[in-house]
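File shown here: start.txt, holding compact mmCIF, C-alpha atoms.
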```
# COMPACT_ATOMS: atom_id res chain seq x y z
CA MET S 26 -25.39 -30.30 -30.29
CA SER S 27 -22.92 -31.96 -27.99
CA SER S 28 -24.38 -35.46 -28.43
CA HIS S 29 -24.31 -34.99 -32.21
CA SER S 30 -20.67 -33.93 -32.18
CA VAL S 31 -19.69 -36.92 -30.05
CA ARG S 32 -21.06 -39.31 -32.66
CA ASP S 33 -19.86 -37.35 -35.66
CA PRO S 34 -16.11 -36.82 -36.23
CA ALA S 35 -16.95 -33.85 -38.42
CA GLY S 36 -18.86 -32.42 -35.49
CA ARG S 37 -15.79 -32.80 -33.27
CA GLY S 38 -13.80 -30.97 -35.90
CA GLN S 39 -16.35 -28.19 -35.73
CA ILE S 40 -15.91 -28.00 -31.97
CA VAL S 41 -12.14 -27.83 -32.37
CA ARG S 42 -12.56 -25.00 -34.90
CA MET S 43 -14.95 -23.21 -32.53
CA ARG S 44 -12.51 -23.59 -29.66
CA THR S 45 -9.67 -22.29 -31.83
CA THR S 46 -11.81 -19.32 -32.88
CA MET S 47 -12.72 -18.63 -29.26
CA LEU S 48 -9.06 -18.85 -28.23
CA LEU S 49 -8.04 -16.45 -31.00
CA ALA S 50 -10.85 -14.09 -29.99
CA PHE S 51 -9.69 -14.25 -26.38
CA CYS S 52 -6.11 -13.50 -27.44
CA ALA S 53 -7.36 -10.54 -29.49
CA LEU S 54 -9.28 -9.25 -26.48
CA VAL S 55 -6.20 -9.58 -24.28
CA ALA S 56 -4.11 -7.78 -26.87
CA ALA S 57 -6.70 -5.01 -27.14
CA GLY S 58 -6.80 -4.70 -23.40
CA SER S 59 -3.04 -4.51 -23.06
CA ALA S 60 -3.19 -0.73 -23.41
CA SER S 61 -4.81 -0.64 -19.99
CA ALA S 62 -2.42 -3.04 -18.28
CA ASP S 63 1.23 -2.76 -17.34
CA PRO S 64 3.65 -5.69 -17.38
CA ALA S 65 3.18 -6.26 -13.64
CA GLY S 66 -0.53 -6.79 -14.19
CA ALA S 67 -1.80 -3.42 -13.01
CA THR S 68 -4.96 -2.34 -14.78
CA SER S 69 -7.22 0.68 -14.94
CA PRO S 70 -10.74 0.93 -16.35
CA VAL S 71 -10.21 4.50 -17.53
CA ILE S 72 -6.71 4.57 -19.00
CA GLY S 73 -6.74 5.81 -22.59
CA LYS S 74 -10.37 6.85 -22.29
CA PRO S 75 -12.07 10.23 -21.87
CA ALA S 76 -11.92 11.21 -18.20
CA PRO S 77 -15.36 10.81 -16.62
CA ASP S 78 -16.68 14.29 -15.96
CA PHE S 79 -17.88 15.29 -12.52
CA THR S 80 -18.96 18.21 -10.43
CA LEU S 81 -18.00 18.04 -6.75
CA THR S 82 -17.81 20.63 -4.01
CA ASP S 83 -14.59 21.63 -2.28
CA LEU S 84 -14.22 21.92 1.50
CA THR S 85 -15.85 25.35 1.45
CA GLY S 86 -18.84 24.15 -0.55
CA LYS S 87 -17.72 25.67 -3.86
CA PRO S 88 -18.61 23.50 -6.86
CA VAL S 89 -15.76 22.37 -9.12
CA GLN S 90 -16.40 20.78 -12.52
CA LEU S 91 -13.68 18.80 -14.28
CA ALA S 92 -14.88 19.84 -17.75
CA ALA S 93 -14.04 23.45 -16.91
CA PHE S 94 -10.35 22.55 -17.09
CA LYS S 95 -10.34 21.05 -20.58
CA GLY S 96 -7.26 22.25 -22.43
CA LYS S 97 -5.06 21.91 -19.34
CA PRO S 98 -3.39 18.86 -17.86
CA VAL S 99 -5.19 17.74 -14.71
CA VAL S 100 -4.00 15.56 -11.83
CA LEU S 101 -6.55 13.81 -9.63
CA GLU S 102 -5.25 12.64 -6.25
CA TRP S 103 -7.44 10.36 -4.13
CA PHE S 104 -7.00 11.63 -0.61
CA ASN S 105 -7.67 10.53 2.96
CA PRO S 106 -5.94 12.52 5.72
CA GLY S 107 -6.42 9.63 8.17
CA CYS S 108 -4.41 7.23 6.02
CA PRO S 109 -0.78 6.93 7.20
CA PHE S 110 0.43 6.41 3.63
CA VAL S 111 -1.17 9.71 2.59
CA LYS S 112 0.36 11.42 5.59
CA ARG S 113 3.83 10.09 4.83
CA SER S 114 3.54 10.91 1.13
CA HIS S 115 2.64 14.50 2.02
CA THR S 116 5.19 14.94 4.80
CA VAL S 117 8.29 13.04 3.66
CA GLY S 118 7.40 11.27 0.39
CA SER S 119 6.79 12.06 -3.26
CA LEU S 120 3.80 14.36 -2.75
CA VAL S 121 5.85 16.92 -0.84
CA GLY S 122 5.91 20.04 -3.01
CA THR S 123 4.84 18.22 -6.17
CA ALA S 124 1.44 19.90 -6.50
CA GLN S 125 2.92 23.36 -5.81
CA ARG S 126 5.60 22.86 -8.41
CA ARG S 127 3.26 21.50 -11.05
CA MET S 128 0.49 24.04 -10.46
CA LYS S 129 3.04 26.80 -11.21
CA ASP S 130 3.50 25.14 -14.60
CA GLY S 131 -0.23 25.38 -15.31
CA VAL S 132 -1.26 21.92 -14.19
CA VAL S 133 -4.63 21.65 -12.42
CA TRP S 134 -4.36 19.50 -9.29
CA LEU S 135 -7.50 18.25 -7.53
CA GLY S 136 -7.63 16.16 -4.38
CA ILE S 137 -10.70 13.95 -4.06
CA ASN S 138 -11.91 12.33 -0.86
CA SER S 139 -14.35 9.50 -1.60
CA GLY S 140 -14.73 8.54 2.05
CA ALA S 141 -18.33 8.07 3.12
CA PRO S 142 -19.58 10.15 6.04
CA GLY S 143 -18.34 8.67 9.31
CA LYS S 144 -15.51 6.75 7.67
CA GLN S 145 -11.81 7.34 8.38
CA GLY S 146 -10.63 10.72 7.07
CA ALA S 147 -14.00 11.88 5.75
CA ASP S 148 -14.50 14.69 8.26
CA VAL S 149 -14.33 18.11 6.57
CA LYS S 150 -12.37 19.75 9.40
CA MET S 151 -9.82 16.95 9.40
CA ASN S 152 -9.29 17.50 5.66
CA ALA S 153 -8.96 21.25 6.11
CA ASP S 154 -6.50 20.78 8.98
CA ALA S 155 -4.40 18.37 6.93
CA ALA S 156 -4.39 20.73 3.95
CA ARG S 157 -3.11 23.52 6.16
CA THR S 158 -0.59 21.40 8.09
CA TRP S 159 0.81 19.73 5.00
CA SER S 160 0.75 22.94 2.88
CA ILE S 161 -1.53 21.40 0.28
CA PRO S 162 -2.20 24.12 -2.33
CA ASN S 163 -4.94 22.37 -4.30
CA PRO S 164 -8.66 22.07 -3.57
CA ILE S 165 -9.87 18.90 -1.88
CA LEU S 166 -13.20 17.79 -3.31
CA ARG S 167 -15.80 15.78 -1.45
CA ASP S 168 -17.16 12.66 -3.11
CA GLU S 169 -19.22 11.32 -0.25
CA THR S 170 -21.29 9.00 -2.44
CA GLY S 171 -18.13 7.51 -3.93
CA LYS S 172 -19.64 7.83 -7.41
CA VAL S 173 -16.63 9.64 -8.88
CA GLY S 174 -14.12 7.36 -7.19
CA LYS S 175 -15.84 4.30 -8.57
CA ALA S 176 -16.11 5.85 -12.05
CA TYR S 177 -12.31 6.16 -12.07
CA GLY S 178 -11.72 2.83 -10.39
CA ALA S 179 -9.91 4.53 -7.50
CA THR S 180 -8.99 1.84 -4.98
CA ASN S 181 -6.35 3.37 -2.74
CA THR S 182 -5.18 6.52 -1.09
CA PRO S 183 -3.12 7.91 -2.56
CA ASN S 184 -4.30 6.88 -6.05
CA MET S 185 -3.23 9.19 -8.85
CA PHE S 186 -4.70 9.95 -12.29
CA VAL S 187 -3.23 12.24 -14.95
CA ILE S 188 -5.53 13.68 -17.62
CA ASP S 189 -3.99 15.30 -20.70
CA LYS S 190 -5.09 18.48 -22.45
CA THR S 191 -7.60 16.59 -24.59
CA GLY S 192 -9.35 15.16 -21.54
CA THR S 193 -7.93 11.66 -21.89
CA VAL S 194 -6.70 9.68 -18.87
CA VAL S 195 -3.04 8.99 -19.59
CA TYR S 196 -1.82 7.74 -16.22
CA ALA S 197 -3.47 5.78 -13.41
CA GLY S 198 -1.79 4.30 -10.36
CA ALA S 199 0.63 5.01 -7.54
CA ILE S 200 2.41 8.28 -6.89
CA ASP S 201 5.74 6.47 -7.00
CA ASN S 202 7.47 3.11 -6.82
CA SER S 203 8.17 3.24 -3.08
CA PRO S 204 5.30 1.48 -1.31
CA ASP S 205 6.28 2.79 2.12
CA GLY S 206 4.97 6.22 1.11
CA GLU S 207 8.27 7.72 2.22
CA GLY S 208 10.32 7.34 -0.92
CA GLN S 209 12.76 5.21 1.06
CA SER S 210 12.06 1.82 -0.51
CA PRO S 211 12.01 2.28 -4.29
CA GLN S 212 11.34 -0.96 -6.11
CA GLY S 213 14.13 -1.46 -8.62
CA GLY S 214 16.52 0.82 -6.78
CA LYS S 215 15.73 4.27 -8.13
CA LEU S 216 12.82 6.40 -6.93
CA VAL S 217 10.37 7.22 -9.72
CA ASN S 218 7.60 9.78 -9.26
CA TYR S 219 5.16 8.40 -11.82
CA VAL S 220 3.00 11.53 -11.88
CA ASP S 221 5.99 13.79 -12.52
CA ALA S 222 7.10 11.43 -15.27
CA ALA S 223 3.64 11.36 -16.87
CA LEU S 224 3.34 15.15 -16.75
CA ASP S 225 6.77 15.46 -18.36
CA ASP S 226 5.64 13.14 -21.14
CA VAL S 227 2.41 15.11 -21.60
CA ALA S 228 4.31 18.41 -21.72
CA ALA S 229 6.71 16.99 -24.30
CA GLY S 230 3.82 15.72 -26.43
CA ARG S 231 4.95 12.09 -26.26
CA PRO S 232 3.03 9.02 -25.07
CA VAL S 233 3.20 8.40 -21.34
CA GLN S 234 5.88 5.77 -20.89
CA THR S 235 4.43 4.21 -17.73
CA ALA S 236 0.67 4.56 -18.09
CA VAL S 237 -0.57 2.20 -15.38
CA THR S 238 0.88 1.08 -12.07
CA ARG S 239 -0.60 -0.64 -9.07
CA PRO S 240 -1.47 1.89 -6.38
CA TYR S 241 -0.44 1.22 -2.80
CA GLY S 242 -1.69 2.63 0.48
CA CYS S 243 -5.03 2.43 2.27
CA THR S 244 -8.24 1.35 0.62
CA VAL S 245 -10.69 4.08 -0.34
CA LYS S 246 -13.31 4.22 2.41
CA TYR S 247 -16.39 3.92 0.24
CA GLY S 248 -19.74 3.71 1.92
CA SER S 249 -20.81 0.60 0.08
CA MET Q 12 -4.78 -9.00 46.41
CA ALA Q 13 -7.76 -9.55 44.14
CA ARG Q 14 -5.83 -7.93 41.30
CA ASP Q 15 -2.95 -10.37 41.87
CA ARG Q 16 -5.35 -13.32 41.69
CA ILE Q 17 -6.75 -12.01 38.42
CA ALA Q 18 -3.22 -11.58 37.03
CA ILE Q 19 -2.28 -15.13 38.07
CA ALA Q 20 -5.48 -16.46 36.54
CA LEU Q 21 -4.76 -14.62 33.30
CA ALA Q 22 -1.19 -15.92 33.24
CA VAL Q 23 -2.39 -19.48 33.71
CA ALA Q 24 -5.03 -19.02 31.04
CA CYS Q 25 -2.45 -17.57 28.63
CA ALA Q 26 -0.06 -20.40 29.33
CA ALA Q 27 -2.83 -22.64 28.09
CA GLY Q 28 -2.96 -20.60 24.89
CA CYS Q 29 -4.13 -16.97 24.69
CA ARG Q 30 -6.27 -16.10 21.72
CA SER Q 31 -7.04 -12.72 20.25
CA SER Q 32 -10.62 -11.67 19.65
CA ASP Q 33 -10.65 -13.30 16.21
CA GLY Q 34 -9.30 -16.61 17.46
CA THR Q 35 -5.71 -16.15 16.31
CA PRO Q 36 -3.43 -17.79 18.87
CA ALA Q 37 -1.21 -15.16 20.46
CA PRO Q 38 2.33 -16.18 21.39
CA ALA Q 39 2.85 -16.76 25.10
CA GLY Q 40 4.94 -14.35 27.12
CA PRO Q 41 5.47 -10.64 26.79
CA PRO Q 42 6.16 -9.36 23.25
CA LEU Q 43 9.26 -7.40 22.28
CA ALA Q 44 6.90 -4.67 21.13
CA GLY Q 45 3.27 -4.31 20.24
CA LYS Q 46 -0.07 -2.62 20.44
CA SER Q 47 -3.64 -3.87 20.45
CA PHE Q 48 -3.43 -4.72 16.74
CA TYR Q 49 0.02 -6.31 16.46
CA ARG Q 50 2.83 -7.83 18.44
CA ILE Q 51 6.45 -8.69 17.75
CA ASP Q 52 8.11 -11.71 19.31
CA ALA Q 53 11.55 -13.22 19.06
CA GLY Q 54 11.64 -16.25 16.80
CA PRO Q 55 13.38 -19.46 17.78
CA PRO Q 56 17.08 -18.82 18.48
CA ALA Q 57 19.64 -20.19 16.04
CA ALA Q 58 23.19 -21.26 16.77
CA CYS Q 59 25.57 -18.32 16.58
CA ALA Q 60 29.37 -18.31 16.86
CA PRO Q 61 31.68 -15.32 17.29
CA GLY Q 62 32.90 -14.00 13.93
CA ALA Q 63 30.26 -15.91 11.98
CA THR Q 64 27.23 -14.47 10.21
CA CYS Q 65 24.32 -15.15 12.52
CA GLU Q 66 20.59 -14.76 12.11
CA ALA Q 67 17.96 -13.50 14.50
CA ARG Q 68 14.28 -13.83 13.71
CA LEU Q 69 11.47 -11.49 14.63
CA VAL Q 70 7.90 -12.66 14.22
CA LEU Q 71 5.16 -10.11 13.55
CA THR Q 72 1.66 -11.21 14.45
CA ALA Q 73 -1.33 -9.11 13.37
CA LEU Q 74 -4.02 -9.17 16.04
CA GLY Q 75 -7.76 -8.61 16.13
CA GLY Q 76 -9.18 -7.85 12.70
CA TYR Q 77 -5.78 -6.92 11.28
CA HIS Q 78 -3.62 -8.67 8.69
CA VAL Q 79 -0.11 -8.20 7.37
CA ASN Q 80 0.04 -5.53 4.65
CA ARG Q 81 1.40 -7.53 1.71
CA ASP Q 82 2.40 -4.42 -0.24
CA TYR Q 83 4.60 -2.93 2.45
CA PRO Q 84 8.42 -3.02 2.27
CA PHE Q 85 9.10 -4.28 5.80
CA LYS Q 86 12.52 -3.37 7.18
CA PHE Q 87 14.71 -3.69 10.20
CA LEU Q 88 16.96 -0.69 10.56
CA GLY Q 89 19.75 -1.59 12.95
CA GLU Q 90 21.23 0.94 15.32
CA PRO Q 91 24.98 1.59 15.42
CA ALA Q 92 27.37 0.54 18.21
CA PRO Q 93 27.20 -0.29 21.02
CA ALA Q 94 24.53 -2.46 19.39
CA VAL Q 95 25.85 -5.27 17.19
CA ALA Q 96 26.22 -4.23 13.53
CA VAL Q 97 23.42 -5.51 11.29
CA ASP Q 98 23.93 -6.53 7.67
CA GLY Q 99 21.41 -4.79 5.40
CA GLN Q 100 17.84 -4.05 6.39
CA GLY Q 101 16.62 -7.55 7.12
CA ALA Q 102 14.76 -9.97 4.86
CA PHE Q 103 11.12 -10.70 5.39
CA ALA Q 104 8.81 -13.56 4.49
CA ILE Q 105 5.04 -13.46 4.84
CA ASP Q 106 4.08 -16.72 6.52
CA ASP Q 107 0.33 -16.25 6.27
CA ALA Q 108 -2.23 -13.46 6.43
CA ARG Q 109 -1.40 -12.67 10.05
CA HIS Q 110 2.24 -13.61 10.42
CA LEU Q 111 5.51 -12.32 9.00
CA THR Q 112 9.04 -13.35 9.86
CA MET Q 113 11.85 -10.84 9.63
CA THR Q 114 15.33 -12.35 9.48
CA VAL Q 115 18.15 -10.08 10.57
CA LYS Q 116 21.77 -10.98 9.86
CA PHE Q 117 24.63 -9.82 12.03
CA ARG Q 118 28.22 -10.76 12.81
CA PRO Q 119 29.08 -10.73 16.52
CA ALA Q 120 32.73 -10.26 17.42
CA ALA Q 121 32.74 -12.02 20.76
CA ALA Q 122 30.92 -14.67 22.75
CA GLY Q 123 28.20 -13.67 25.15
CA PRO Q 124 24.87 -11.99 24.55
CA ALA Q 125 24.87 -9.78 21.45
CA ARG Q 126 22.65 -6.75 21.82
CA LEU Q 127 20.57 -6.37 18.67
CA VAL Q 128 18.80 -3.01 18.54
CA GLY Q 129 16.86 -1.36 15.74
CA THR Q 130 13.59 -0.09 14.33
CA PHE Q 131 11.14 -2.53 12.78
CA LYS Q 132 9.20 -0.69 10.08
CA LEU Q 133 5.93 -2.55 9.55
CA SER Q 134 2.37 -2.16 8.36
CA VAL Q 135 -0.81 -4.03 9.19
CA CYS Q 136 -4.30 -3.37 7.89
CA SER Q 137 -7.88 -4.06 8.83
CA ASP Q 138 -10.95 -3.68 6.65
CA ASP Q 139 -11.19 -0.09 7.84
CA THR Q 140 -7.65 1.18 8.04
CA CYS Q 141 -3.95 0.56 7.60
CA GLU Q 142 -1.34 1.34 10.19
CA ILE Q 143 2.37 1.98 9.77
CA GLU Q 144 4.36 1.32 12.91
CA THR Q 145 8.04 1.81 13.73
CA PRO Q 146 8.65 0.13 17.09
CA ARG Q 147 12.16 0.06 18.54
CA ILE Q 148 13.26 -3.51 19.14
CA GLU Q 149 15.92 -4.61 21.58
CA LEU Q 150 16.92 -8.24 21.68
CA ALA Q 151 19.71 -10.13 23.42
CA VAL Q 152 21.00 -12.95 21.22
CA PRO Q 153 23.22 -15.63 22.82
CA VAL Q 154 26.56 -16.03 21.03
CA GLY Q 155 29.05 -18.82 21.49
```
Could you rewrite the structure in this file as structure tokens?
Amino acid sequence: MSSHSVRDPAGRGQIVRMRTTMLLAFCALVAAGSASADPAGATSPVIGKPAPDFTLTDLTGKPVQLAAFKGKPVVLEWFNPGCPFVKRSHTVGSLVGTAQRRMKDGVVWLGINSGAPGKQGADVKMNADAARTWSIPNPILRDETGKVGKAYGATNTPNMFVIDKTGTVVYAGAIDNSPDGEGQSPQGGKLVNYVDAALDDVAAGRPVQTAVTRPYGCTVKYGS
Amino acid sequence: MARDRIAIALAVACAAGCRSSDGTPAPAGPPLAGKSFYRIDAGPPAACAPGATCEARLVLTALGGYHVNRDYPFKFLGEPAPAVAVDGQGAFAIDDARHLTMTVKFRPAAAGPARLVGTFKLSVCSDDTCEIETPRIELAVPVG
């Protein structure tokens, strides 16, 4: 094929056409994928898609299935009590009081710890102690295999996902735009709680304005 | 006696170039602050005249298996008088995976050593964990 096209100008023209077609196809793919990427280049494999269902157990061993909450907005918060960014977010930053406030409005809030056994913050007692100390009102679910975390593409703690009433993931990313976890260093000057903003958009029945951001914090301590 | 000999031997060895466990050269001399996974040293002094805007540099070195957390908003929060007043919260530049330089601007009123005091908010990470640290830094900067 290639040797033929080198000898034949018409063949070269065919290659040019093929390259143009491939370029156009690539551009179309990029355009199609733009719904899952924000201008800063943050991406999520689940944004705009049905939320992957799961059944995990909470710290007391009680099973919790995501599908049971269909019809309600759900927030998933990837959690690791040993991560200093999680600690700061829950003690001085944007996670202080947010779950309490939103759960009163009918939002379901689930913490998920995808740390493998023996990894930082995976210990059940440590999670229970943190929940009590930081007044966390929501269940913390154990995802020791990391299967759920990987299904959502969770990379950091904290890493937030908002699921609307139809079961579609409408936000994926950071809790806010202050990567110190304290709300003291907002990028762009004004602190934005992205989860609050997404839930407001969901409640108002409008598209989520900022659907994807790049999460900051510690890496999720997957086993492999 | 034996302990002194060991200390002298270590000092001589470090003068020849201490290295952390991963081979990163550690700056000679005691740090301004630090732990097993990071240290902060004063950068090279710059000329500074009374009444002028001067700059002091702080160099963060991540040690062991740690690296500078590229996502973190590093800051230097200056303390009020009697420390010299600091302009802003410092400006940082990541030199490489293990080094970051924080430049702090200040305007000393008089000649003599200016006492620069503040909190360096920093973060370093390893493959297993991230750490946020807020060491208090005290540095005498020659003026005049």
Polymer residues at most 7 Å from stretch 89-105 of chain S, all atoms listed in the file, same-chain spacing of 3 or more positions, as a ChimeraX atom specification: /S:78-83,108,111,132-138,146,182-192
Separation of atom CA of S:Pro109 from atom CA of Q:Glu142 in Å: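 Straight-line distance from atom CA of Q:Glu142 to atom CA of S:Pro109 works out to 6.4 Å.
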Which residue, Q:Leu150, Q:Ala73, Q:Leu43, Q:Val135, has the smallest gap to chain S when you use all atoms listed in the file?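 Nearest candidate to chain S out of Q:Leu150, Q:Ala73, Q:Leu43, Q:Val135: Q:Val135.
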Please, which residues of chain Q lie no more than 9 Å from chain S when the count uses all atoms listed in the file, and can they be set out as a ChimeraX atom specification? /Q:82-85,134,136,138-143
Please report the interatomic distance between atom CA of Q:Ile51 and atom CA of Q:Leu111 in Å with one decimal.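 Rounded to one decimal, the two atoms are 9.5 Å apart.
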What does the distance from atom CA of S:Leu216 to atom CA of S:Asn202 come to in Å, to one decimal?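 Value for the atom CA of S:Leu216-atom CA of S:Asn202 distance: 6.3 Å.
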So which residues touch stretch 98-109 of chain Q within 9 Å, counting all atoms listed in the file, skipping near sequence neighbours fewer than 2 positions away, as a PyMOL selection string? chain Q and resi 35+64+71-74+77-81+84-89+96+111-118+135
